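The next block is protein.pdb, given as PDB, C-alpha atoms and all ligand atoms.
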ATOM      1  CA  MET A   1      65.873  98.342  90.142
ATOM      2  CA  GLU A   2      63.477 100.171  87.816
ATOM      3  CA  ASN A   3      60.112  98.448  88.119
ATOM      4  CA  LYS A   4      58.043 100.896  86.127
ATOM      5  CA  ILE A   5      58.029 101.699  82.441
ATOM      6  CA  LYS A   6      55.805 104.225  80.668
ATOM      7  CA  ASN A   7      55.808 102.714  77.155
ATOM      8  CA  LEU A   8      57.052  99.572  75.432
ATOM      9  CA  ILE A   9      58.005 100.484  71.885
ATOM     10  CA  ASP A  10      61.139  98.492  71.080
ATOM     11  CA  ILE A  11      63.771  96.238  72.609
ATOM     12  CA  ALA A  12      66.595  98.766  72.209
ATOM     13  CA  SER A  13      65.097 101.074  74.832
ATOM     14  CA  LEU A  14      64.714  98.327  77.457
ATOM     15  CA  GLY A  15      67.649  97.761  79.808
ATOM     16  CA  ALA A  16      68.813  94.208  80.482
ATOM     17  CA  ASP A  17      67.673  94.640  84.124
ATOM     18  CA  VAL A  18      64.143  95.571  83.008
ATOM     19  CA  ILE A  19      64.003  92.568  80.663
ATOM     20  CA  GLU A  20      65.145  90.220  83.434
ATOM     21  CA  ARG A  21      62.549  91.726  85.779
ATOM     22  CA  ILE A  22      59.861  91.021  83.153
ATOM     23  CA  MET A  23      61.122  87.406  83.023
ATOM     24  CA  GLU A  24      60.921  87.086  86.824
ATOM     25  CA  ARG A  25      57.415  88.501  86.993
ATOM     26  CA  ALA A  26      56.288  86.328  84.045
ATOM     27  CA  GLU A  27      57.536  83.305  85.977
ATOM     28  CA  PHE A  28      55.588  84.504  89.023
ATOM     29  CA  PHE A  29      52.410  85.012  86.957
ATOM     30  CA  SER A  30      52.746  81.568  85.361
ATOM     31  CA  LYS A  31      52.214  80.164  88.855
ATOM     32  CA  ASN A  32      49.940  82.907  90.244
ATOM     33  CA  PRO A  33      47.831  84.248  87.370
ATOM     34  CA  TYR A  34      45.284  86.042  89.578
ATOM     35  CA  ALA A  35      47.624  87.405  92.270
ATOM     36  CA  VAL A  36      47.695  91.052  91.171
ATOM     37  CA  SER A  37      44.820  93.441  90.549
ATOM     38  CA  LEU A  38      45.014  96.487  88.305
ATOM     39  CA  GLU A  39      41.271  97.046  88.660
ATOM     40  CA  HIS A  40      39.849 100.123  86.912
ATOM     41  CA  LYS A  41      42.890 100.573  84.652
ATOM     42  CA  LYS A  42      41.566 100.881  81.121
ATOM     43  CA  LEU A  43      43.234  99.489  77.995
ATOM     44  CA  ALA A  44      42.292 100.223  74.384
ATOM     45  CA  PHE A  45      43.184  97.595  71.803
ATOM     46  CA  MET A  46      43.846  99.278  68.458
ATOM     47  CA  PHE A  47      44.721  96.601  65.901
ATOM     48  CA  PHE A  48      45.006  97.862  62.324
ATOM     49  CA  GLU A  49      46.561  94.530  61.277
ATOM     50  CA  ASN A  50      45.109  91.121  62.089
ATOM     51  CA  SER A  51      46.204  89.071  65.064
ATOM     52  CA  THR A  52      45.240  85.989  67.049
ATOM     53  CA  ARG A  53      48.045  85.272  69.531
ATOM     54  CA  THR A  54      49.067  88.805  70.458
ATOM     55  CA  ARG A  55      45.533  90.092  70.762
ATOM     56  CA  PHE A  56      44.151  87.147  72.742
ATOM     57  CA  SER A  57      47.137  86.861  75.043
ATOM     58  CA  PHE A  58      47.070  90.589  75.823
ATOM     59  CA  GLU A  59      43.338  90.359  76.495
ATOM     60  CA  ILE A  60      43.699  87.315  78.748
ATOM     61  CA  ALA A  61      46.645  88.992  80.491
ATOM     62  CA  ALA A  62      44.630  92.168  81.078
ATOM     63  CA  LYS A  63      41.598  90.235  82.320
ATOM     64  CA  ASN A  64      43.727  88.119  84.669
ATOM     65  CA  LEU A  65      44.842  91.479  86.111
ATOM     66  CA  LYS A  66      41.199  92.647  86.302
ATOM     67  CA  MET A  67      41.842  95.496  83.881
ATOM     68  CA  ASP A  68      39.039  96.884  81.696
ATOM     69  CA  VAL A  69      39.544  96.101  77.998
ATOM     70  CA  PHE A  70      38.057  98.071  75.105
ATOM     71  CA  HIS A  71      38.426  97.051  71.457
ATOM     72  CA  PHE A  72      38.675  99.824  68.909
ATOM     73  CA  ASP A  73      37.223  98.852  65.535
ATOM     74  CA  SER A  74      38.295 101.444  62.983
ATOM     75  CA  THR A  75      35.542 100.441  60.535
ATOM     76  CA  VAL A  76      32.791 101.507  62.950
ATOM     77  CA  SER A  77      34.746 104.340  64.574
ATOM     78  CA  SER A  78      34.735 108.016  63.663
ATOM     79  CA  LEU A  79      38.009 107.471  61.793
ATOM     80  CA  SER A  80      35.673 106.291  59.027
ATOM     81  CA  LYS A  81      33.986 109.739  59.139
ATOM     82  CA  GLY A  82      37.303 111.517  58.689
ATOM     83  CA  GLU A  83      38.403 112.064  62.299
ATOM     84  CA  CYS A  84      42.180 111.973  62.434
ATOM     85  CA  PHE A  85      44.097 109.448  64.532
ATOM     86  CA  VAL A  86      45.527 112.040  66.903
ATOM     87  CA  ASP A  87      42.066 113.451  67.671
ATOM     88  CA  THR A  88      40.824 109.910  68.191
ATOM     89  CA  LEU A  89      43.584 109.358  70.765
ATOM     90  CA  LYS A  90      42.839 112.682  72.496
ATOM     91  CA  ASN A  91      39.223 111.617  72.883
ATOM     92  CA  LEU A  92      40.119 108.153  74.179
ATOM     93  CA  GLU A  93      42.384 109.805  76.739
ATOM     94  CA  ALA A  94      39.595 112.219  77.737
ATOM     95  CA  LEU A  95      37.322 109.200  78.191
ATOM     96  CA  GLY A  96      39.758 107.750  80.727
ATOM     97  CA  ILE A  97      41.791 105.225  78.727
ATOM     98  CA  ASP A  98      45.161 104.630  80.435
ATOM     99  CA  GLY A  99      46.983 102.674  77.759
ATOM    100  CA  VAL A 100      46.853 101.656  74.109
ATOM    101  CA  ILE A 101      47.982  98.347  72.644
ATOM    102  CA  LEU A 102      48.675  99.211  69.034
ATOM    103  CA  ARG A 103      49.427  97.144  65.937
ATOM    104  CA  ASN A 104      49.854  98.819  62.575
ATOM    105  CA  LYS A 105      51.650  98.271  59.288
ATOM    106  CA  THR A 106      54.061 101.150  60.006
ATOM    107  CA  SER A 107      55.362 102.888  63.135
ATOM    108  CA  ASP A 108      53.648 106.204  62.247
ATOM    109  CA  LEU A 109      50.653 105.792  64.550
ATOM    110  CA  LEU A 110      52.839 104.836  67.504
ATOM    111  CA  GLU A 111      55.027 107.879  66.907
ATOM    112  CA  ALA A 112      51.936 110.108  66.663
ATOM    113  CA  GLY A 113      50.589 108.658  69.891
ATOM    114  CA  LEU A 114      53.822 109.141  71.806
ATOM    115  CA  LYS A 115      54.040 112.741  70.601
ATOM    116  CA  ASN A 116      50.438 113.788  71.173
ATOM    117  CA  SER A 117      49.103 111.785  74.095
ATOM    118  CA  SER A 118      49.929 111.105  77.736
ATOM    119  CA  MET A 119      48.565 107.566  77.571
ATOM    120  CA  SER A 120      50.984 104.637  77.669
ATOM    121  CA  PHE A 121      51.647 102.730  74.434
ATOM    122  CA  ILE A 122      52.613  99.141  73.776
ATOM    123  CA  ASN A 123      53.868  98.171  70.332
ATOM    124  CA  ALA A 124      51.974  94.976  69.456
ATOM    125  CA  GLY A 125      53.719  94.797  66.074
ATOM    126  CA  SER A 126      54.738  97.569  63.691
ATOM    127  CA  GLY A 127      54.884  96.332  60.108
ATOM    128  CA  SER A 128      58.194  94.644  59.340
ATOM    129  CA  LEU A 129      59.984  96.746  61.962
ATOM    130  CA  ALA A 130      59.450  95.530  65.519
ATOM    131  CA  HIS A 131      57.462  93.137  67.699
ATOM    132  CA  PRO A 132      59.060  93.579  71.104
ATOM    133  CA  THR A 133      56.561  91.612  73.192
ATOM    134  CA  GLN A 134      57.037  88.584  70.905
ATOM    135  CA  ALA A 135      60.812  88.813  71.405
ATOM    136  CA  LEU A 136      60.303  88.988  75.176
ATOM    137  CA  LEU A 137      58.129  85.887  75.232
ATOM    138  CA  ASP A 138      60.547  84.065  72.917
ATOM    139  CA  TYR A 139      63.364  84.956  75.325
ATOM    140  CA  TYR A 140      61.350  83.607  78.258
ATOM    141  CA  VAL A 141      60.844  80.277  76.462
ATOM    142  CA  MET A 142      64.517  80.036  75.461
ATOM    143  CA  LYS A 143      65.666  80.768  79.016
ATOM    144  CA  LYS A 144      63.278  78.165  80.380
ATOM    145  CA  TYR A 145      64.694  75.427  78.135
ATOM    146  CA  LEU A 146      68.332  76.531  77.738
ATOM    147  CA  GLY A 147      68.909  78.129  81.153
ATOM    148  CA  SER A 148      70.647  81.060  79.490
ATOM    149  CA  VAL A 149      71.047  82.123  75.856
ATOM    150  CA  LYS A 150      74.652  83.259  76.383
ATOM    151  CA  GLY A 151      76.906  81.483  73.876
ATOM    152  CA  LYS A 152      73.983  79.479  72.480
ATOM    153  CA  LYS A 153      73.440  79.055  68.740
ATOM    154  CA  ILE A 154      70.062  80.461  67.734
ATOM    155  CA  VAL A 155      69.209  79.982  64.042
ATOM    156  CA  ILE A 156      66.527  82.037  62.318
ATOM    157  CA  VAL A 157      65.151  80.544  59.093
ATOM    158  CA  GLY A 158      63.037  82.130  56.389
ATOM    159  CA  ASP A 159      61.419  85.449  55.602
ATOM    160  CA  ILE A 160      63.763  87.656  57.590
ATOM    161  CA  LEU A 161      63.247  90.681  55.340
ATOM    162  CA  HIS A 162      59.575  91.091  56.225
ATOM    163  CA  SER A 163      59.743  89.828  59.811
ATOM    164  CA  ARG A 164      59.265  92.257  62.701
ATOM    165  CA  VAL A 165      59.821  89.339  65.064
ATOM    166  CA  THR A 166      63.355  88.787  63.762
ATOM    167  CA  LYS A 167      64.436  92.383  64.230
ATOM    168  CA  SER A 168      63.283  92.454  67.860
ATOM    169  CA  ASN A 169      64.715  88.996  68.538
ATOM    170  CA  ILE A 170      68.120  89.879  67.109
ATOM    171  CA  GLU A 171      68.303  92.972  69.337
ATOM    172  CA  LEU A 172      67.272  91.041  72.417
ATOM    173  CA  LEU A 173      69.411  87.952  71.835
ATOM    174  CA  ASN A 174      72.494  90.060  71.194
ATOM    175  CA  LYS A 175      71.907  91.931  74.467
ATOM    176  CA  PHE A 176      72.224  88.597  76.271
ATOM    177  CA  GLY A 177      75.197  87.159  74.389
ATOM    178  CA  ALA A 178      73.531  84.625  72.077
ATOM    179  CA  ASN A 179      75.137  83.736  68.744
ATOM    180  CA  VAL A 180      72.460  84.458  66.153
ATOM    181  CA  PHE A 181      72.633  82.854  62.698
ATOM    182  CA  ALA A 182      70.295  83.305  59.755
ATOM    183  CA  VAL A 183      69.490  81.449  56.576
ATOM    184  CA  ALA A 184      67.057  82.539  53.884
ATOM    185  CA  PRO A 185      66.545  82.641  50.130
ATOM    186  CA  ARG A 186      68.130  85.756  48.655
ATOM    187  CA  ALA A 187      64.722  87.423  48.260
ATOM    188  CA  PHE A 188      64.124  87.156  52.023
ATOM    189  CA  GLN A 189      67.560  88.269  53.199
ATOM    190  CA  ASP A 190      68.115  91.649  54.830
ATOM    191  CA  THR A 191      71.833  92.300  54.669
ATOM    192  CA  THR A 192      71.477  95.644  56.476
ATOM    193  CA  LEU A 193      70.891  93.829  59.779
ATOM    194  CA  ASP A 194      73.658  93.810  62.364
ATOM    195  CA  GLY A 195      74.203  91.099  64.940
ATOM    196  CA  ILE A 196      73.657  88.014  62.780
ATOM    197  CA  THR A 197      75.828  85.629  60.791
ATOM    198  CA  TRP A 198      74.391  84.532  57.448
ATOM    199  CA  CYS A 199      74.705  80.863  56.466
ATOM    200  CA  GLU A 200      74.810  79.400  52.964
ATOM    201  CA  SER A 201      72.438  76.490  53.497
ATOM    202  CA  LEU A 202      69.869  75.218  55.953
ATOM    203  CA  THR A 203      72.089  72.229  56.757
ATOM    204  CA  ASP A 204      75.067  74.481  57.590
ATOM    205  CA  ALA A 205      72.859  76.750  59.674
ATOM    206  CA  ILE A 206      71.213  74.020  61.738
ATOM    207  CA  CYS A 207      74.471  72.156  62.494
ATOM    208  CA  GLY A 208      75.046  72.460  66.245
ATOM    209  CA  ALA A 209      72.017  74.711  66.785
ATOM    210  CA  ASP A 210      70.378  75.012  70.182
ATOM    211  CA  VAL A 211      67.240  76.638  68.786
ATOM    212  CA  VAL A 212      65.845  76.762  65.256
ATOM    213  CA  MET A 213      63.290  79.535  64.847
ATOM    214  CA  CYS A 214      61.318  79.390  61.607
ATOM    215  CA  LEU A 215      59.453  82.417  60.279
ATOM    216  CA  ARG A 216      56.248  82.767  58.348
ATOM    217  CA  ILE A 217      56.489  83.822  54.716
ATOM    218  CA  GLN A 218      54.590  87.110  54.974
ATOM    219  CA  LYS A 219      52.550  86.867  51.792
ATOM    220  CA  GLU A 220      50.603  90.024  52.618
ATOM    221  CA  ARG A 221      53.809  92.107  52.418
ATOM    222  CA  ILE A 222      55.202  90.551  49.209
ATOM    223  CA  GLU A 223      54.155  91.708  45.751
ATOM    224  CA  GLU A 224      56.411  89.446  43.645
ATOM    225  CA  ASN A 225      55.608  85.796  42.962
ATOM    226  CA  ILE A 226      56.972  83.520  45.670
ATOM    227  CA  ASP A 227      58.610  80.267  44.581
ATOM    228  CA  PHE A 228      57.091  78.029  47.247
ATOM    229  CA  ASP A 229      58.486  74.842  45.658
ATOM    230  CA  ASP A 230      62.019  76.210  45.924
ATOM    231  CA  TYR A 231      61.388  77.334  49.497
ATOM    232  CA  VAL A 232      60.057  73.936  50.544
ATOM    233  CA  LYS A 233      62.961  72.149  48.845
ATOM    234  CA  ASN A 234      65.709  74.273  50.405
ATOM    235  CA  TYR A 235      64.366  75.831  53.604
ATOM    236  CA  GLN A 236      61.536  73.697  54.977
ATOM    237  CA  ILE A 237      62.042  71.741  58.195
ATOM    238  CA  SER A 238      60.812  68.576  56.542
ATOM    239  CA  ASN A 239      61.715  65.922  59.102
ATOM    240  CA  CYS A 240      62.557  65.710  62.795
ATOM    241  CA  GLU A 241      66.050  64.256  62.259
ATOM    242  CA  MET A 242      67.342  67.319  60.429
ATOM    243  CA  LEU A 243      66.901  69.417  63.601
ATOM    244  CA  GLY A 244      69.680  67.462  65.328
ATOM    245  CA  GLY A 245      68.013  67.837  68.725
ATOM    246  CA  ALA A 246      67.562  71.629  68.553
ATOM    247  CA  TYR A 247      64.443  73.186  70.031
ATOM    248  CA  LEU A 248      61.953  74.252  67.360
ATOM    249  CA  MET A 249      60.220  77.633  67.565
ATOM    250  CA  HIS A 250      57.982  79.735  65.307
ATOM    251  CA  PRO A 251      56.173  82.924  66.328
ATOM    252  CA  GLY A 252      53.073  81.904  64.374
ATOM    253  CA  PRO A 253      50.921  81.895  62.426
ATOM    254  CA  ILE A 254      52.524  78.998  60.515
ATOM    255  CA  ASN A 255      52.118  78.207  56.829
ATOM    256  CA  ILE A 256      51.904  74.499  57.602
ATOM    257  CA  ASP A 257      53.854  72.304  55.158
ATOM    258  CA  VAL A 258      55.713  75.362  53.878
ATOM    259  CA  GLU A 259      58.022  76.489  56.707
ATOM    260  CA  ILE A 260      57.623  73.274  58.712
ATOM    261  CA  ALA A 261      56.173  69.921  57.645
ATOM    262  CA  SER A 262      53.024  68.900  59.486
ATOM    263  CA  SER A 263      54.710  65.612  60.467
ATOM    264  CA  VAL A 264      57.382  67.615  62.344
ATOM    265  CA  LEU A 265      54.791  69.814  64.030
ATOM    266  CA  ASP A 266      52.874  66.734  65.140
ATOM    267  CA  ASN A 267      55.771  64.505  66.213
ATOM    268  CA  TYR A 268      58.845  66.504  67.209
ATOM    269  CA  ASN A 269      59.314  66.292  70.966
ATOM    270  CA  LYS A 270      61.256  69.576  71.170
ATOM    271  CA  ASN A 271      58.557  71.629  69.449
ATOM    272  CA  LEU A 272      58.025  74.739  71.634
ATOM    273  CA  ILE A 273      55.592  76.582  69.357
ATOM    274  CA  LEU A 274      52.477  76.251  71.512
ATOM    275  CA  GLU A 275      54.599  76.939  74.588
ATOM    276  CA  GLN A 276      55.442  80.288  72.966
ATOM    277  CA  ALA A 277      51.741  81.087  72.578
ATOM    278  CA  LYS A 278      50.962  80.049  76.161
ATOM    279  CA  THR A 279      53.856  82.057  77.572
ATOM    280  CA  GLY A 280      52.577  85.192  75.836
ATOM    281  CA  VAL A 281      49.931  85.598  78.530
ATOM    282  CA  PHE A 282      52.382  85.651  81.443
ATOM    283  CA  VAL A 283      55.006  87.820  79.780
ATOM    284  CA  ARG A 284      52.308  90.314  78.793
ATOM    285  CA  MET A 285      50.942  90.295  82.351
ATOM    286  CA  ALA A 286      54.428  91.214  83.555
ATOM    287  CA  ILE A 287      54.599  94.047  81.017
ATOM    288  CA  LEU A 288      51.161  95.391  81.963
ATOM    289  CA  GLU A 289      52.057  95.253  85.663
ATOM    290  CA  MET A 290      55.275  97.155  84.989
ATOM    291  CA  MET A 291      53.367  99.823  83.081
ATOM    292  CA  PHE A 292      50.154 100.207  85.056
ATOM    293  CA  GLY A 293      50.979  98.877  88.529
ATOM    294  CA  GLY A 294      54.461  98.266  89.773
ATOM    295  CA  GLU A 295      56.349 100.275  92.295
ATOM    296  CA  LYS A 296      60.042 100.786  92.736
ATOM    297  CA  CYS A 297      61.620  98.243  95.054
TER     298      CYS A 297
HETATM  299  N1  LIG B 301      53.103  85.967  66.680
HETATM  300  C1  LIG B 301      52.098  86.831  66.430
HETATM  301  O1  LIG B 301      52.269  88.057  66.534
HETATM  302  O2  LIG B 301      50.915  86.245  66.123
HETATM  303  P1  LIG B 301      49.586  87.043  65.794
HETATM  304  O3  LIG B 301      49.808  87.805  64.505
HETATM  305  O4  LIG B 301      48.517  85.993  65.671
HETATM  306  O5  LIG B 301      49.324  88.003  66.929
END
Output the file's structure in the form of C-alpha cells.
Ligand code: CP
Amino acid sequence: MENKIKNLIDIASLGADVIERIMERAEFFSKNPYAVSLEHKKLAFMFFENSTRTRFSFEIAAKNLKMDVFHFDSTVSSLSKGECFVDTLKNLEALGIDGVILRNKTSDLLEAGLKNSSMSFINAGSGSLAHPTQALLDYYVMKKYLGSVKGKKIVIVGDILHSRVTKSNIELLNKFGANVFAVAPRAFQDTTLDGITWCESLTDAICGADVVMCLRIQKERIEENIDFDDYVKNYQISNCEMLGGAYLMHPGPINIDVEIASSVLDNYNKNLILEQAKTGVFVRMAILEMMFGGEKC
C-alpha cells in the first residue's frame, strides 16, 4: 500500500486505498495524538483567504506532530514590495521550508507552486473549486456514524455553486458508492456537476436521508442581492423534526438562523457539526504524516 504522498491538491488524484489509509491513521491519531514525531519538518501556512477551522486544525495537527509552523502574512511580506509569488516560494524553500499549506481564491498559486518548487503543497481551499481536506474529514465523520457511505443517501443543501466543499465531497462520496442528492435555489445550482441528483424541494430531498449537509451562503463570492427571506422559507433547516432522523452536518462557518435555525443547532441530537471540526485535527495529522513522515509498508 502507498503510504506516502507528495502533495494533496484534490480528491480525484487520491486513490481509494490512500483515502482509507488516511481514515485508519486519523482513527489512530484520535486515540494517540502525540505518538508520532515529525520534529524539524517545517510548514509554511499561506492563507490568502480567511479561515478558522482549517487553519487552527492544521496548526494543532502539526504541533501534535512536533512540526515547526510558520505563518506567512502577505501584508508584511515582500509580496507587498512587489516580489512575485514564485520568487517568494523559492526563498521559502531555500530557507528550509518543507511544505506549504495554501488557501487562495483561485487555484493559480497552487499551480505555480507545483510547477516551480520542490516543496510539498496542501490545498487548504481553492476558491469555489476544491477543499479536499474538508471532504476527507467529512468522510471520516460519515464513516464513523454510518459505518460505510455505500448506498447511503447524502443530501447537500444550499449554495452549491460557490462551495468548494461540495465539489470535493461529491468526488469523494461517489468514489465510495454514496448516493448524493442536492437541493438549492436556482441561483445556487451548478448543473455542470456530475455525480449528483437534483431535487425539487427540501422536503423531497431530505426524505429518507442518512445525512443532510448544509452549506454556507458564500456572501463574499456573490455580487447580486441574495433573497435571504426566500432562502429561509424554502431551504432552512428550521426544526429538528424535518430532518427525519438524518445526521446533520455543515462544514462551517454557519450563518446561524439562515442555513440552520439556532434551535436545531442547540437541540438536535444528531448534530455532527462540532464533531467535524474536532475530527479535522486527526485527519490532518494523518495527511501530514503521509506527506512528511510515512514509509511504505
Ligand atoms: N470549513 C472550513 O474550511 O472552515 P474555515 O474557513 O474556518 O477554515
May I ask which of the residues A:Lys4, A:Lys31, A:Lys278, A:Lys152 is the closest one to ligand LIG 301 (chain B), counting all atoms listed in the file?
->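 Comparing A:Lys4, A:Lys31, A:Lys278, A:Lys152 against ligand LIG 301 (chain B), the winner is A:Lys278.
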Write out as a list of chain:residue names each polymer residue whose atoms come within 7 Å of segment 204-207 of chain A, counting only C-alpha atoms; drop sequence neighbours fewer than 4 positions from it.
->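 Everything that qualifies: A:Val155, A:Phe181, A:Val183, A:Cys199, A:Glu200, A:Val212, A:Leu243.
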Extract, using all atoms listed in the file, all DNA, RNA and protein residues at most 10 Å from Lys270 of chain A, discarding same-chain residues fewer than 6 positions from it, and format them as a ChimeraX atom specification.
-> /A:145,211,240,243,245-249,264
Lys90 of chain A surroundings by only C-alpha atoms, 10 Å radius, close-in-sequence under 3 positions cut, as a ChimeraX atom specification = /A:85-87,93-95,97,113,116-119
For ligand LIG 301 (chain B), which of A:Met285, A:Ile256, A:Leu136, A:Ala124 is the closest residue, counting all atoms listed in the file?
-> A:Ala124
Which one is closest to ligand LIG 301 (chain B): A:Asn174, A:Gln134, A:Ser30, A:Asn91? Count all atoms listed in the file.
->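 Answer, going by the shortest atom-to-atom distance: A:Gln134.
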Kindly add all heavy atoms to the incomplete segment 52-61 of chain A and provide the output as a tab-separated table (two decimals), keeping the file's coordinate frame.
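Below is the file out-v3.tsv, written as the result:
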chain	number	residue	atom	x	y	z
A	52	THR	N	45.92	86.93	66.14
A	52	THR	CA	45.24	85.99	67.05
A	52	THR	C	46.00	85.92	68.38
A	52	THR	O	45.46	86.26	69.43
A	52	THR	CB	45.16	84.58	66.41
A	52	THR	OG1	44.38	84.69	65.22
A	52	THR	CG2	44.50	83.58	67.35
A	53	ARG	N	47.28	85.49	68.31
A	53	ARG	CA	48.04	85.27	69.53
A	53	ARG	C	48.25	86.54	70.36
A	53	ARG	O	48.00	86.56	71.57
A	53	ARG	CB	49.43	84.68	69.21
A	53	ARG	CG	49.45	83.21	68.92
A	53	ARG	CD	50.54	82.89	67.91
A	53	ARG	NE	50.09	83.38	66.64
A	53	ARG	CZ	49.34	82.65	65.80
A	53	ARG	NH1	49.11	81.40	66.08
A	53	ARG	NH2	48.86	83.17	64.69
A	54	THR	N	48.72	87.59	69.71
A	54	THR	CA	49.07	88.80	70.46
A	54	THR	C	47.81	89.41	71.08
A	54	THR	O	47.79	89.78	72.26
A	54	THR	CB	49.73	89.82	69.51
A	54	THR	OG1	50.78	89.16	68.82
A	54	THR	CG2	50.29	91.01	70.27
A	55	ARG	N	46.77	89.47	70.28
A	55	ARG	CA	45.53	90.09	70.76
A	55	ARG	C	44.89	89.28	71.89
A	55	ARG	O	44.54	89.83	72.94
A	55	ARG	CB	44.58	90.20	69.56
A	55	ARG	CG	43.32	90.93	69.83
A	55	ARG	CD	42.61	91.14	68.50
A	55	ARG	NE	41.20	91.25	68.71
A	55	ARG	CZ	40.41	92.12	68.08
A	55	ARG	NH1	40.93	92.95	67.20
A	55	ARG	NH2	39.14	92.15	68.32
A	56	PHE	N	44.77	87.97	71.70
A	56	PHE	CA	44.15	87.15	72.74
A	56	PHE	C	45.01	87.10	74.00
A	56	PHE	O	44.50	87.16	75.11
A	56	PHE	CB	43.90	85.72	72.23
A	56	PHE	CG	42.51	85.54	71.70
A	56	PHE	CD1	42.16	86.06	70.47
A	56	PHE	CD2	41.55	84.87	72.44
A	56	PHE	CE1	40.87	85.92	69.97
A	56	PHE	CE2	40.25	84.72	71.95
A	56	PHE	CZ	39.92	85.24	70.72
A	57	SER	N	46.32	86.98	73.83
A	57	SER	CA	47.14	86.86	75.04
A	57	SER	C	47.17	88.17	75.81
A	57	SER	O	47.16	88.18	77.04
A	57	SER	CB	48.54	86.34	74.74
A	57	SER	OG	49.20	87.18	73.86
A	58	PHE	N	47.17	89.32	75.10
A	58	PHE	CA	47.07	90.59	75.82
A	58	PHE	C	45.71	90.70	76.53
A	58	PHE	O	45.62	91.20	77.65
A	58	PHE	CB	47.27	91.78	74.88
A	58	PHE	CG	48.66	92.36	74.94
A	58	PHE	CD1	49.43	92.44	73.81
A	58	PHE	CD2	49.19	92.84	76.14
A	58	PHE	CE1	50.72	92.97	73.85
A	58	PHE	CE2	50.47	93.37	76.20
A	58	PHE	CZ	51.23	93.44	75.05
A	59	GLU	N	44.66	90.24	75.87
A	59	GLU	CA	43.34	90.36	76.50
A	59	GLU	C	43.23	89.45	77.72
A	59	GLU	O	42.72	89.85	78.76
A	59	GLU	CB	42.24	90.04	75.47
A	59	GLU	CG	40.85	90.20	76.07
A	59	GLU	CD	39.75	90.40	75.07
A	59	GLU	OE1	40.03	90.48	73.86
A	59	GLU	OE2	38.58	90.49	75.50
A	60	ILE	N	43.73	88.22	77.59
A	60	ILE	CA	43.70	87.32	78.75
A	60	ILE	C	44.57	87.88	79.87
A	60	ILE	O	44.19	87.89	81.04
A	60	ILE	CB	44.14	85.89	78.34
A	60	ILE	CG1	43.11	85.29	77.38
A	60	ILE	CG2	44.33	84.99	79.55
A	60	ILE	CD1	43.58	84.05	76.65
A	61	ALA	N	45.75	88.39	79.49
A	61	ALA	CA	46.64	88.99	80.49
A	61	ALA	C	45.93	90.12	81.22
A	61	ALA	O	45.94	90.20	82.46
A	61	ALA	CB	47.91	89.51	79.81
